[in-house]
>>> print(open('work-v8.txt').read())   # compact mmCIF, C-alpha atoms
# COMPACT_ATOMS: atom_id res chain seq x y z
CA MET A 1 81.56 78.39 66.74
CA ALA A 2 81.80 81.56 68.77
CA ARG A 3 81.01 84.74 66.91
CA TRP A 4 83.65 87.41 67.02
CA GLU A 5 82.64 90.01 69.59
CA PRO A 6 84.23 93.43 69.30
CA ASP A 7 86.15 94.45 72.43
CA SER A 8 84.95 91.46 74.46
CA ARG A 9 87.77 91.89 76.96
CA GLY A 10 86.92 95.55 77.52
CA ARG A 11 83.21 94.82 77.84
CA LEU A 12 83.84 92.06 80.37
CA GLU A 13 86.22 94.26 82.32
CA ARG A 14 83.76 97.16 82.50
CA ALA A 15 80.91 94.84 83.47
CA ALA A 16 83.04 93.22 86.18
CA LEU A 17 84.20 96.55 87.65
CA ALA A 18 80.61 97.83 87.73
CA LEU A 19 79.35 94.68 89.47
CA TYR A 20 82.26 94.52 91.95
CA GLY A 21 81.48 98.12 92.84
CA GLU A 22 77.74 97.47 93.23
CA ARG A 23 77.74 94.14 95.10
CA GLY A 24 81.30 93.65 96.22
CA PHE A 25 83.87 91.36 94.67
CA ASP A 26 82.92 88.29 96.70
CA ASN A 27 79.25 88.55 95.82
CA THR A 28 79.73 88.71 92.07
CA THR A 29 79.78 85.60 89.89
CA VAL A 30 81.35 85.07 86.50
CA ALA A 31 77.87 84.26 85.14
CA GLU A 32 76.67 87.71 86.22
CA ILE A 33 79.66 89.43 84.67
CA ALA A 34 79.13 87.64 81.37
CA ALA A 35 75.40 88.43 81.40
CA ARG A 36 76.03 92.11 82.13
CA ALA A 37 78.50 92.26 79.27
CA GLY A 38 76.04 90.48 76.96
CA LEU A 39 78.50 87.62 76.48
CA THR A 40 78.77 83.99 77.55
CA GLU A 41 80.71 82.53 80.46
CA ARG A 42 82.71 80.64 77.90
CA THR A 43 83.82 83.93 76.38
CA PHE A 44 84.75 85.21 79.83
CA PHE A 45 87.06 82.25 80.35
CA ARG A 46 88.66 82.83 76.98
CA TYR A 47 90.02 86.11 78.39
CA PHE A 48 90.34 85.57 82.13
CA ALA A 49 91.23 82.57 84.28
CA ASP A 50 88.90 83.74 87.06
CA LYS A 51 87.12 86.83 88.32
CA ARG A 52 90.20 88.05 90.17
CA GLU A 53 92.25 88.12 87.02
CA VAL A 54 90.00 90.84 85.61
CA LEU A 55 91.67 93.15 88.13
CA PHE A 56 95.24 91.96 87.62
CA TRP A 57 95.66 90.93 83.99
CA GLY A 58 97.43 94.22 83.16
CA ALA A 59 100.21 93.64 85.72
CA ALA A 60 102.40 91.53 83.46
CA SER A 61 102.42 94.01 80.60
CA LEU A 62 102.98 96.92 83.01
CA GLN A 63 105.97 95.09 84.43
CA GLU A 64 107.33 94.33 80.97
CA HIS A 65 106.85 97.96 79.97
CA LEU A 66 108.72 99.23 83.03
CA VAL A 67 111.56 96.74 82.74
CA ASN A 68 112.08 97.55 79.06
CA SER A 69 112.11 101.29 79.78
CA VAL A 70 114.66 100.88 82.58
CA SER A 71 116.88 98.81 80.31
CA ALA A 72 116.56 101.34 77.49
CA ALA A 73 117.42 104.42 79.61
CA PRO A 74 120.66 106.22 78.66
CA GLN A 75 123.62 104.41 80.22
CA THR A 76 124.62 107.63 82.02
CA ALA A 77 121.25 107.97 83.80
CA PRO A 78 121.52 107.44 87.59
CA PRO A 79 119.40 104.45 88.76
CA ILE A 80 116.62 106.60 90.24
CA GLU A 81 116.38 108.57 86.99
CA ALA A 82 116.15 105.39 84.94
CA VAL A 83 113.31 104.24 87.18
CA ALA A 84 111.55 107.61 87.16
CA ALA A 85 111.76 107.82 83.37
CA ALA A 86 110.26 104.33 83.13
CA LEU A 87 107.41 105.32 85.45
CA GLU A 88 106.77 108.50 83.47
CA ALA A 89 106.64 106.45 80.29
CA THR A 90 103.76 104.39 81.72
CA GLY A 91 101.72 107.56 81.24
CA THR A 92 100.96 106.08 77.82
CA VAL A 93 99.17 103.24 79.67
CA PHE A 94 97.64 105.38 82.41
CA ASP A 95 95.97 107.86 80.10
CA ASP A 96 92.79 109.85 80.65
CA GLU A 97 90.62 107.14 79.11
CA ARG A 98 91.73 104.67 81.73
CA ARG A 99 91.37 106.95 84.71
CA ASP A 100 87.74 106.08 85.56
CA GLY A 101 88.39 102.36 85.28
CA ALA A 102 91.53 102.68 87.39
CA ARG A 103 89.56 104.53 90.06
CA GLN A 104 86.83 101.87 90.13
CA ARG A 105 89.46 99.16 90.33
CA GLN A 106 91.14 100.95 93.23
CA HIS A 107 87.87 101.09 95.18
CA VAL A 108 87.17 97.42 94.63
CA ILE A 109 90.65 96.44 95.75
CA SER A 110 90.72 98.61 98.85
CA ALA A 111 87.41 97.10 100.02
CA ASN A 112 88.73 93.53 100.04
CA THR A 113 91.60 92.13 102.15
CA GLU A 114 92.53 89.35 99.77
CA LEU A 115 92.66 91.75 96.82
CA ARG A 116 94.71 94.28 98.79
CA GLU A 117 97.19 91.51 99.57
CA ARG A 118 97.31 90.49 95.92
CA GLU A 119 97.99 94.11 94.96
CA LEU A 120 100.86 94.29 97.45
CA ILE A 121 102.35 91.14 96.02
CA LYS A 122 102.02 92.56 92.52
CA LEU A 123 103.84 95.74 93.55
CA ALA A 124 106.57 93.75 95.30
CA SER A 125 107.05 91.68 92.18
CA LEU A 126 107.25 94.91 90.18
CA GLY A 127 109.90 96.18 92.60
CA GLY A 128 111.88 92.97 92.24
CA ALA A 129 111.72 93.23 88.45
CA LEU A 130 112.88 96.86 88.52
CA ALA A 131 115.83 95.97 90.78
CA GLU A 132 116.74 93.13 88.42
CA ALA A 133 116.59 95.47 85.41
CA LEU A 134 118.89 97.90 87.23
CA ARG A 135 121.35 95.10 88.00
CA GLY A 136 121.25 94.34 84.29
CA ARG A 137 122.53 97.90 83.78
CA GLY A 138 125.44 97.23 86.12
CA VAL A 139 123.90 98.87 89.19
CA GLU A 140 125.04 97.06 92.32
CA ASP A 141 123.11 96.28 95.46
CA PRO A 142 121.89 97.83 97.65
CA ALA A 143 121.58 100.74 95.19
CA ALA A 144 119.54 98.61 92.78
CA THR A 145 117.14 97.46 95.51
CA LEU A 146 116.84 100.91 97.07
CA ALA A 147 116.23 102.69 93.75
CA ALA A 148 113.60 100.08 92.85
CA GLU A 149 111.85 100.38 96.23
CA ALA A 150 111.96 104.17 95.98
CA GLY A 151 110.43 103.80 92.52
CA ILE A 152 107.58 101.69 93.87
CA ALA A 153 106.88 104.27 96.60
CA VAL A 154 106.76 106.98 93.91
CA PHE A 155 104.53 104.79 91.76
CA LYS A 156 102.04 104.25 94.59
CA VAL A 157 101.81 107.92 95.51
CA ALA A 158 101.62 109.07 91.87
CA PHE A 159 98.99 106.48 91.03
CA GLU A 160 96.83 107.41 93.98
CA ARG A 161 96.97 111.07 93.02
CA TRP A 162 96.28 110.36 89.40
CA VAL A 163 93.11 108.41 90.17
CA GLY A 164 92.14 111.02 92.77
CA HIS A 165 92.25 113.87 90.24
CA THR A 166 90.35 114.51 87.05
CA GLU A 167 93.18 116.54 85.51
CA GLY A 168 96.94 116.28 85.35
CA ASP A 169 98.68 113.49 83.55
CA TYR A 170 100.31 110.54 85.21
CA ALA A 171 103.86 111.59 84.32
CA HIS A 172 103.31 114.88 86.10
CA PHE A 173 102.35 113.10 89.33
CA VAL A 174 105.41 110.86 89.02
CA ARG A 175 107.74 113.87 88.88
CA GLU A 176 105.91 115.50 91.78
CA ALA A 177 106.09 112.38 93.96
CA LEU A 178 109.78 111.92 93.17
CA ALA A 179 110.52 115.51 94.21
CA GLU A 180 108.62 114.88 97.46
CA LEU A 181 110.47 111.64 98.10
CA ARG A 182 113.76 113.48 97.63
CA ALA A 183 112.77 116.16 100.13
CA VAL A 184 111.52 113.58 102.63
CA THR A 185 114.59 111.37 102.35
CA ALA A 186 116.95 114.31 102.68
CA GLY A 187 115.15 115.07 105.95
CA THR A 188 114.22 118.62 105.11
CA MET B 1 97.70 69.64 134.57
CA ALA B 2 100.57 70.71 132.35
CA ARG B 3 103.91 71.08 134.04
CA TRP B 4 105.60 74.43 133.66
CA GLU B 5 108.32 74.12 131.04
CA PRO B 6 111.08 76.71 131.08
CA ASP B 7 111.32 78.68 127.82
CA SER B 8 108.78 76.50 126.03
CA ARG B 9 108.20 79.15 123.39
CA GLY B 10 111.92 79.44 122.65
CA ARG B 11 112.37 75.68 122.52
CA LEU B 12 109.44 75.27 120.14
CA GLU B 13 110.71 78.09 117.96
CA ARG B 14 114.22 76.66 117.71
CA ALA B 15 112.86 73.17 117.01
CA ALA B 16 110.54 74.53 114.31
CA LEU B 17 113.28 76.55 112.60
CA ALA B 18 115.61 73.57 112.60
CA LEU B 19 112.94 71.29 111.11
CA TYR B 20 111.77 73.83 108.52
CA GLY B 21 115.40 74.14 107.44
CA GLU B 22 115.93 70.37 107.26
CA ARG B 23 112.68 69.24 105.61
CA GLY B 24 111.06 72.41 104.35
CA PHE B 25 108.16 74.23 105.92
CA ASP B 26 105.46 72.26 104.10
CA ASN B 27 106.88 68.91 105.13
CA THR B 28 107.05 69.64 108.85
CA THR B 29 104.17 68.85 111.21
CA VAL B 30 103.32 70.39 114.57
CA ALA B 31 103.71 66.90 116.12
CA GLU B 32 107.29 66.77 114.88
CA ILE B 33 108.07 70.24 116.19
CA ALA B 34 106.69 69.39 119.61
CA ALA B 35 108.60 66.08 119.70
CA ARG B 36 111.87 67.76 118.72
CA ALA B 37 111.35 70.34 121.47
CA GLY B 38 110.54 67.59 123.98
CA LEU B 39 107.07 69.06 124.51
CA THR B 40 103.49 68.13 123.65
CA GLU B 41 101.37 69.35 120.75
CA ARG B 42 99.08 70.81 123.34
CA THR B 43 101.92 72.98 124.61
CA PHE B 44 102.69 74.05 121.04
CA PHE B 45 99.13 75.29 120.60
CA ARG B 46 99.33 77.19 123.86
CA TYR B 47 101.94 79.42 122.21
CA PHE B 48 101.19 79.34 118.49
CA ALA B 49 97.96 79.12 116.48
CA ASP B 50 99.69 77.11 113.75
CA LYS B 51 103.11 76.29 112.38
CA ARG B 52 103.23 79.49 110.33
CA GLU B 53 102.79 81.65 113.39
CA VAL B 54 106.14 80.43 114.72
CA LEU B 55 107.70 82.58 111.98
CA PHE B 56 105.48 85.63 112.41
CA TRP B 57 104.50 85.91 116.07
CA GLY B 58 107.12 88.65 116.63
CA ALA B 59 105.62 90.97 114.00
CA ALA B 60 103.02 92.54 116.28
CA SER B 61 105.50 93.48 118.99
CA LEU B 62 107.98 94.76 116.40
CA GLN B 63 105.25 96.96 114.95
CA GLU B 64 104.24 98.23 118.38
CA HIS B 65 107.88 98.95 119.21
CA LEU B 66 108.38 100.92 115.98
CA VAL B 67 105.14 102.87 116.30
CA ASN B 68 105.90 103.84 119.90
CA SER B 69 109.41 104.98 118.97
CA VAL B 70 108.12 107.11 116.09
CA SER B 71 105.55 108.71 118.37
CA ALA B 72 108.18 109.36 121.04
CA ALA B 73 110.73 111.00 118.72
CA PRO B 74 111.47 114.69 119.40
CA GLN B 75 108.77 116.84 117.82
CA THR B 76 111.43 118.69 115.81
CA ALA B 77 112.73 115.49 114.17
CA PRO B 78 112.00 115.35 110.42
CA PRO B 79 109.79 112.35 109.51
CA ILE B 80 112.63 110.29 108.02
CA GLU B 81 114.70 110.85 111.17
CA ALA B 82 111.84 109.78 113.42
CA VAL B 83 111.54 106.59 111.35
CA ALA B 84 115.29 105.96 111.25
CA ALA B 85 115.57 106.45 115.02
CA ALA B 86 112.74 103.96 115.53
CA LEU B 87 114.47 101.43 113.27
CA GLU B 88 117.77 101.91 115.09
CA ALA B 89 115.99 101.35 118.39
CA THR B 90 114.87 97.89 117.20
CA GLY B 91 118.54 96.95 117.59
CA THR B 92 117.51 95.97 121.11
CA VAL B 93 115.31 93.29 119.51
CA PHE B 94 117.69 92.35 116.72
CA ASP B 95 120.67 91.67 118.95
CA ASP B 96 123.53 89.22 118.42
CA GLU B 97 121.71 86.41 120.21
CA ARG B 98 118.90 86.55 117.69
CA ARG B 99 121.04 86.75 114.60
CA ASP B 100 121.31 82.98 113.96
CA GLY B 101 117.59 82.47 114.44
CA ALA B 102 116.82 85.42 112.17
CA ARG B 103 119.08 83.97 109.48
CA GLN B 104 117.40 80.55 109.69
CA ARG B 105 113.99 82.20 109.53
CA GLN B 106 115.06 84.19 106.47
CA HIS B 107 116.14 81.01 104.66
CA VAL B 108 112.89 79.24 105.45
CA ILE B 109 110.82 82.17 104.23
CA SER B 110 112.73 82.73 101.02
CA ALA B 111 112.28 79.05 100.09
CA ASN B 112 108.46 79.21 100.23
CA THR B 113 106.16 81.35 98.08
CA GLU B 114 103.33 81.53 100.58
CA LEU B 115 105.70 82.58 103.37
CA ARG B 116 107.38 85.18 101.17
CA GLU B 117 103.95 86.63 100.45
CA ARG B 118 103.10 86.65 104.15
CA GLU B 119 106.38 88.46 104.85
CA LEU B 120 105.55 91.09 102.21
CA ILE B 121 102.14 91.63 103.78
CA LYS B 122 103.76 91.96 107.20
CA LEU B 123 106.16 94.60 105.89
CA ALA B 124 103.36 96.48 104.15
CA SER B 125 101.37 96.48 107.37
CA LEU B 126 104.46 97.78 109.18
CA GLY B 127 104.74 100.55 106.57
CA GLY B 128 101.08 101.45 107.02
CA ALA B 129 101.52 101.61 110.80
CA LEU B 130 104.61 103.82 110.47
CA ALA B 131 102.77 106.21 108.15
CA GLU B 132 99.87 106.33 110.62
CA ALA B 133 102.27 107.10 113.50
CA LEU B 134 103.78 109.93 111.45
CA ARG B 135 100.32 111.35 110.72
CA GLY B 136 99.79 111.24 114.47
CA ARG B 137 102.79 113.57 114.73
CA GLY B 138 101.15 116.00 112.31
CA VAL B 139 103.07 114.87 109.22
CA GLU B 140 100.86 115.22 106.16
CA ASP B 141 100.58 112.97 103.15
CA PRO B 142 102.33 112.16 100.92
CA ALA B 143 105.31 112.90 103.23
CA ALA B 144 104.03 110.43 105.84
CA THR B 145 103.56 107.65 103.29
CA LEU B 146 106.87 108.35 101.54
CA ALA B 147 108.89 108.50 104.78
CA ALA B 148 107.27 105.25 105.93
CA GLU B 149 107.94 103.49 102.61
CA ALA B 150 111.51 104.77 102.64
CA GLY B 151 111.81 103.41 106.18
CA ILE B 152 110.61 99.97 105.08
CA ALA B 153 113.16 99.95 102.24
CA VAL B 154 115.89 100.83 104.76
CA PHE B 155 114.60 98.16 107.14
CA LYS B 156 114.75 95.47 104.45
CA VAL B 157 118.27 96.33 103.33
CA ALA B 158 119.56 96.72 106.90
CA PHE B 159 117.96 93.47 108.01
CA GLU B 160 119.39 91.52 105.09
CA ARG B 161 122.87 92.84 105.82
CA TRP B 162 122.56 92.19 109.51
CA VAL B 163 121.66 88.52 108.99
CA GLY B 164 124.35 88.26 106.29
CA HIS B 165 127.11 89.41 108.64
CA THR B 166 128.45 87.99 111.88
CA GLU B 167 129.55 91.39 113.16
CA GLY B 168 128.15 94.90 113.19
CA ASP B 169 125.01 95.77 115.06
CA TYR B 170 121.63 96.31 113.51
CA ALA B 171 121.57 100.06 114.21
CA HIS B 172 124.80 100.45 112.24
CA PHE B 173 123.26 98.80 109.17
CA VAL B 174 120.19 101.03 109.47
CA ARG B 175 122.34 104.18 109.33
CA GLU B 176 124.33 102.76 106.43
CA ALA B 177 121.22 101.86 104.43
CA LEU B 178 119.66 105.27 105.08
CA ALA B 179 122.81 107.01 103.81
CA GLU B 180 122.67 104.83 100.70
CA LEU B 181 119.00 105.55 100.16
CA ARG B 182 119.73 109.26 100.38
CA ALA B 183 122.49 109.01 97.79
CA VAL B 184 120.32 106.88 95.49
CA THR B 185 117.26 109.13 95.77
CA ALA B 186 119.32 112.26 95.18
CA GLY B 187 120.44 110.61 91.94
CA THR B 188 124.16 110.85 92.61
>>> encode(input="work-v8.txt", output="structure tokens")
Amino acid sequence: MARWEPDSRGRLERAALALYGERGFDNTTVAEIAARAGLTERTFFRYFADKREVLFWGAASLQEHLVNSVSAAPQTAPPIEAVAAALEATGTVFDDERRDGARQRQHVISANTELRERELIKLASLGGALAEALRGRGVEDPAATLAAEAGIAVFKVAFERWVGHTEGDYAHFVREALAELRAVTAGT
Amino acid sequence: MARWEPDSRGRLERAALALYGERGFDNTTVAEIAARAGLTERTFFRYFADKREVLFWGAASLQEHLVNSVSAAPQTAPPIEAVAAALEATGTVFDDERRDGARQRQHVISANTELRERELIKLASLGGALAEALRGRGVEDPAATLAAEAGIAVFKVAFERWVGHTEGDYAHFVREALAELRAVTAGT
């Protein structure tokens, strides 16, 4: 019988991020992650399918969060506003406590081709889900696709700034990036 | 000594697209492609590293084409205009003769997860190259990144429409998609 371990997932995640940063993702084993966290490999596999999943397990709930927010936006909100409001609302996920972990994760991913590709695929899937949520609000294509893609561009820029700063909340960077996208697209 | 075969690359490409469409990408072998084209496997491998490359060999020259056009745009052109002009200029690549092949390719890719992922990675790489070309023109971030991402969104929508229609040239669909992106981003 496994003992109950408080915050096992969090401990494994922090141990994995530290090790990926120190030795690189490819050179870290699940056994090492478990040992660093003071847990067993068996416990690791109760939370994560493999060592890559430590970096991507949050994607599904982020996507669900965004899709629900888009669907719940006031019916009168233009598509881009529904998307922006959903992105701002993820500020509850991307809070100050998560910023260090998000930064570490970002470094690990950018150092590894396979992980960068996985991240791209995650973002594309997020974009597809946003477009689908907009269609569910009666937004037609290409507006749904374009608003979703614009949203992903805003998300990427806002996220990068958020992890690159020690102050300023995520929602603020979303608004800022959206304003910049508007200026850029208008061609000013 | 191999005989010189006129348009071997084109024949192999058409044979591959036809077979991928008939049997699926995974169920087609290089031997079958070569046989359908009336050529040898050895000739196939003179042009393509593997059967996937038949679908992606044009990506490098497309990227080069786009990057050169962005760099050559008038210095006064706003970033989004430099990108849009570059996309319009690819109309010389995406001409009416290529439309059927592009449509077949699109079908093959959308039917296969691995190929869809490869296509996403190709587009992301294209976006990165466009952003880099804009930085080379003195455009700062995040404007360079946002204009490049906006350009990729326009590219995707324009390309999809172009393959979905039998008339209308590619440059026309680029302008149309850009106008739509502007309306969507403005929130109207």
>>> residues_around(input="work-v8.txt", residues="segment 103-116 of chain A", least_positions_apart="5", cutoff="7 Å", atoms="all atoms listed in the file", output="ChimeraX atom specification")
/A:17,20-21,25,55,163
>>> closest_atom_pairs(input="work-v8.txt", of="chain B", to="chain A", cutoff="9 Å", atoms="only C-alpha atoms", output="Markdown table")
| residue | atom | partner | partner_atom | distance |
| --- | --- | --- | --- | --- |
| B:Ala77 | CA | A:Gly187 | CA | 8.6 |
| B:Pro78 | CA | A:Gly187 | CA | 5.5 |
| B:Pro79 | CA | A:Gly187 | CA | 7.0 |
| B:Ile80 | CA | A:Gly187 | CA | 5.8 |
| B:Glu81 | CA | A:Gly187 | CA | 6.7 |
| B:Glu117 | CA | A:Ile121 | CA | 6.5 |
| B:Arg118 | CA | A:Glu117 | CA | 8.9 |
| B:Leu120 | CA | A:Ile121 | CA | 7.0 |
| B:Ile121 | CA | A:Glu117 | CA | 6.5 |
| B:Ala124 | CA | A:Leu120 | CA | 7.5 |
| B:Pro142 | CA | A:Val157 | CA | 6.9 |
| B:Ala143 | CA | A:Val184 | CA | 6.3 |
| B:Ala144 | CA | A:Val184 | CA | 8.7 |
| B:Thr145 | CA | A:Val157 | CA | 8.0 |
| B:Leu146 | CA | A:Leu181 | CA | 6.0 |
| B:Ala147 | CA | A:Val184 | CA | 6.1 |
| B:Glu149 | CA | A:Ala153 | CA | 6.2 |
| B:Ala150 | CA | A:Ala150 | CA | 6.7 |
| B:Ile152 | CA | A:Glu149 | CA | 8.9 |
| B:Ala153 | CA | A:Glu149 | CA | 6.2 |
| B:Val154 | CA | A:Leu146 | CA | 7.7 |
| B:Val157 | CA | A:Pro142 | CA | 6.9 |
| B:Ala177 | CA | A:Pro142 | CA | 7.9 |
| B:Leu178 | CA | A:Thr185 | CA | 8.4 |
| B:Glu180 | CA | A:Ala143 | CA | 6.9 |
| B:Leu181 | CA | A:Leu146 | CA | 6.0 |
| B:Arg182 | CA | A:Thr185 | CA | 5.9 |
| B:Ala183 | CA | A:Ala143 | CA | 8.7 |
| B:Val184 | CA | A:Ala147 | CA | 6.1 |
| B:Thr185 | CA | A:Arg182 | CA | 5.9 |
| B:Ala186 | CA | A:Arg182 | CA | 6.2 |
| B:Gly187 | CA | A:Pro78 | CA | 5.5 |
| B:Thr188 | CA | A:Pro78 | CA | 6.6 |
>>> atom_distance(input="work-v8.txt", atom1="atom CA of Gly138 of chain B", atom2="atom CA of Val174 of chain A")
24.2 Å
>>> atom_distance(input="work-v8.txt", atom1="atom CA of Leu62 of chain A", atom2="atom CA of Thr28 of chain A")
26.3 Å
>>> closest_residue(input="work-v8.txt", among="B:Ala16, B:Ala171, B:Ala59, B:Val139", to="Thr76 of chain B", atoms="all atoms listed in the file")
B:Val139
>>> atom_distance(input="work-v8.txt", atom1="atom CA of Val54 of chain B", atom2="atom CA of Glu13 of chain B")
6.1 Å
>>> residues_around(input="work-v8.txt", residues="Glu132 of chain A", least_positions_apart="3", cutoff="9 Å", atoms="all atoms listed in the file", output="list in words")
Val67, Gly127, Gly128, Ala129, Arg135, Gly136, Arg137, Ala144, Thr145 and Ala148 of chain A
>>> closest_residue(input="work-v8.txt", among="B:Arg98, B:Arg175, B:Arg23, B:Arg11", to="Thr40 of chain B", atoms="all atoms listed in the file")
B:Arg11
>>> residues_near_point(input="work-v8.txt", point="(113.6, 95.3, 117.0)", cutoff="9 Å", atoms="all atoms listed in the file", output="ChimeraX atom specification")
/B:61-63,65-66,86-95,170
>>> closest_residue(input="work-v8.txt", among="B:Phe155, B:Ala49, B:Glu167, B:Arg36", to="Ala85 of chain B", atoms="all atoms listed in the file")
B:Phe155
>>> residues_around(input="work-v8.txt", residues="Leu39 of chain A", least_positions_apart="2", cutoff="12 Å", atoms="only C-alpha atoms", output="list in words")
Ala2, Arg3, Trp4, Glu5, Pro6, Asp7, Ser8, Arg9, Gly10, Arg11, Leu12, Glu13, Ala15, Val30, Ala31, Glu32, Ile33, Ala34, Ala35, Arg36, Ala37, Glu41, Arg42, Thr43, Phe44, Phe45, Arg46 and Tyr47 of chain A
>>> build_atoms(input="work-v8.txt", residues="segment 33-55 of chain B", atoms="N, CA and C atoms", output="mmCIF file, in the frame of the given file")
data_model
loop_
_atom_site.group_PDB
_atom_site.id
_atom_site.type_symbol
_atom_site.label_atom_id
_atom_site.label_comp_id
_atom_site.auth_asym_id
_atom_site.auth_seq_id
_atom_site.Cartn_x
_atom_site.Cartn_y
_atom_site.Cartn_z
ATOM 1 N N ILE B 33 107.462 69.105 115.490
ATOM 2 C CA ILE B 33 108.070 70.240 116.190
ATOM 3 C C ILE B 33 108.033 70.012 117.697
ATOM 4 N N ALA B 34 106.854 69.617 118.175
ATOM 5 C CA ALA B 34 106.690 69.390 119.610
ATOM 6 C C ALA B 34 107.645 68.289 120.091
ATOM 7 N N ALA B 35 107.717 67.195 119.320
ATOM 8 C CA ALA B 35 108.600 66.080 119.700
ATOM 9 C C ALA B 35 110.052 66.541 119.756
ATOM 10 N N ARG B 36 110.485 67.284 118.743
ATOM 11 C CA ARG B 36 111.870 67.760 118.720
ATOM 12 C C ARG B 36 112.178 68.656 119.926
ATOM 13 N N ALA B 37 111.158 69.436 120.331
ATOM 14 C CA ALA B 37 111.350 70.340 121.470
ATOM 15 C C ALA B 37 111.173 69.604 122.799
ATOM 16 N N GLY B 38 110.781 68.341 122.748
ATOM 17 C CA GLY B 38 110.540 67.590 123.980
ATOM 18 C C GLY B 38 109.288 68.059 124.706
ATOM 19 N N LEU B 39 108.309 68.543 123.926
ATOM 20 C CA LEU B 39 107.070 69.060 124.510
ATOM 21 C C LEU B 39 105.878 68.410 123.802
ATOM 22 N N THR B 40 104.682 68.721 124.272
ATOM 23 C CA THR B 40 103.490 68.130 123.650
ATOM 24 C C THR B 40 102.902 69.090 122.605
ATOM 25 N N GLU B 41 102.083 68.517 121.726
ATOM 26 C CA GLU B 41 101.370 69.350 120.750
ATOM 27 C C GLU B 41 100.505 70.379 121.458
ATOM 28 N N ARG B 42 99.929 69.929 122.564
ATOM 29 C CA ARG B 42 99.080 70.810 123.340
ATOM 30 C C ARG B 42 99.842 72.053 123.797
ATOM 31 N N THR B 43 101.080 71.840 124.211
ATOM 32 C CA THR B 43 101.920 72.980 124.610
ATOM 33 C C THR B 43 102.200 73.880 123.408
ATOM 34 N N PHE B 44 102.470 73.250 122.262
ATOM 35 C CA PHE B 44 102.690 74.050 121.040
ATOM 36 C C PHE B 44 101.524 75.014 120.831
ATOM 37 N N PHE B 45 100.305 74.460 120.901
ATOM 38 C CA PHE B 45 99.130 75.290 120.600
ATOM 39 C C PHE B 45 98.809 76.295 121.715
ATOM 40 N N ARG B 46 99.481 76.163 122.843
ATOM 41 C CA ARG B 46 99.330 77.190 123.860
ATOM 42 C C ARG B 46 100.092 78.462 123.438
ATOM 43 N N TYR B 47 101.113 78.283 122.610
ATOM 44 C CA TYR B 47 101.940 79.420 122.210
ATOM 45 C C TYR B 47 101.674 79.915 120.787
ATOM 46 N N PHE B 48 101.324 78.984 119.906
ATOM 47 C CA PHE B 48 101.190 79.340 118.490
ATOM 48 C C PHE B 48 99.890 78.776 117.921
ATOM 49 N N ALA B 49 99.210 79.574 117.084
ATOM 50 C CA ALA B 49 97.960 79.120 116.480
ATOM 51 C C ALA B 49 98.221 78.026 115.451
ATOM 52 N N ASP B 50 99.344 78.111 114.753
ATOM 53 C CA ASP B 50 99.690 77.110 113.750
ATOM 54 C C ASP B 50 101.186 77.187 113.476
ATOM 55 N N LYS B 51 101.667 76.339 112.571
ATOM 56 C CA LYS B 51 103.110 76.290 112.380
ATOM 57 C C LYS B 51 103.647 77.538 111.676
ATOM 58 N N ARG B 52 102.776 78.250 110.961
ATOM 59 C CA ARG B 52 103.230 79.490 110.330
ATOM 60 C C ARG B 52 103.476 80.590 111.347
ATOM 61 N N GLU B 53 102.671 80.579 112.395
ATOM 62 C CA GLU B 53 102.790 81.650 113.390
ATOM 63 C C GLU B 53 104.140 81.646 114.101
ATOM 64 N N VAL B 54 104.810 80.490 114.108
ATOM 65 C CA VAL B 54 106.140 80.430 114.720
ATOM 66 C C VAL B 54 107.067 81.447 114.043
ATOM 67 N N LEU B 55 106.828 81.672 112.750
ATOM 68 C CA LEU B 55 107.700 82.580 111.980
ATOM 69 C C LEU B 55 107.253 84.033 112.064
#
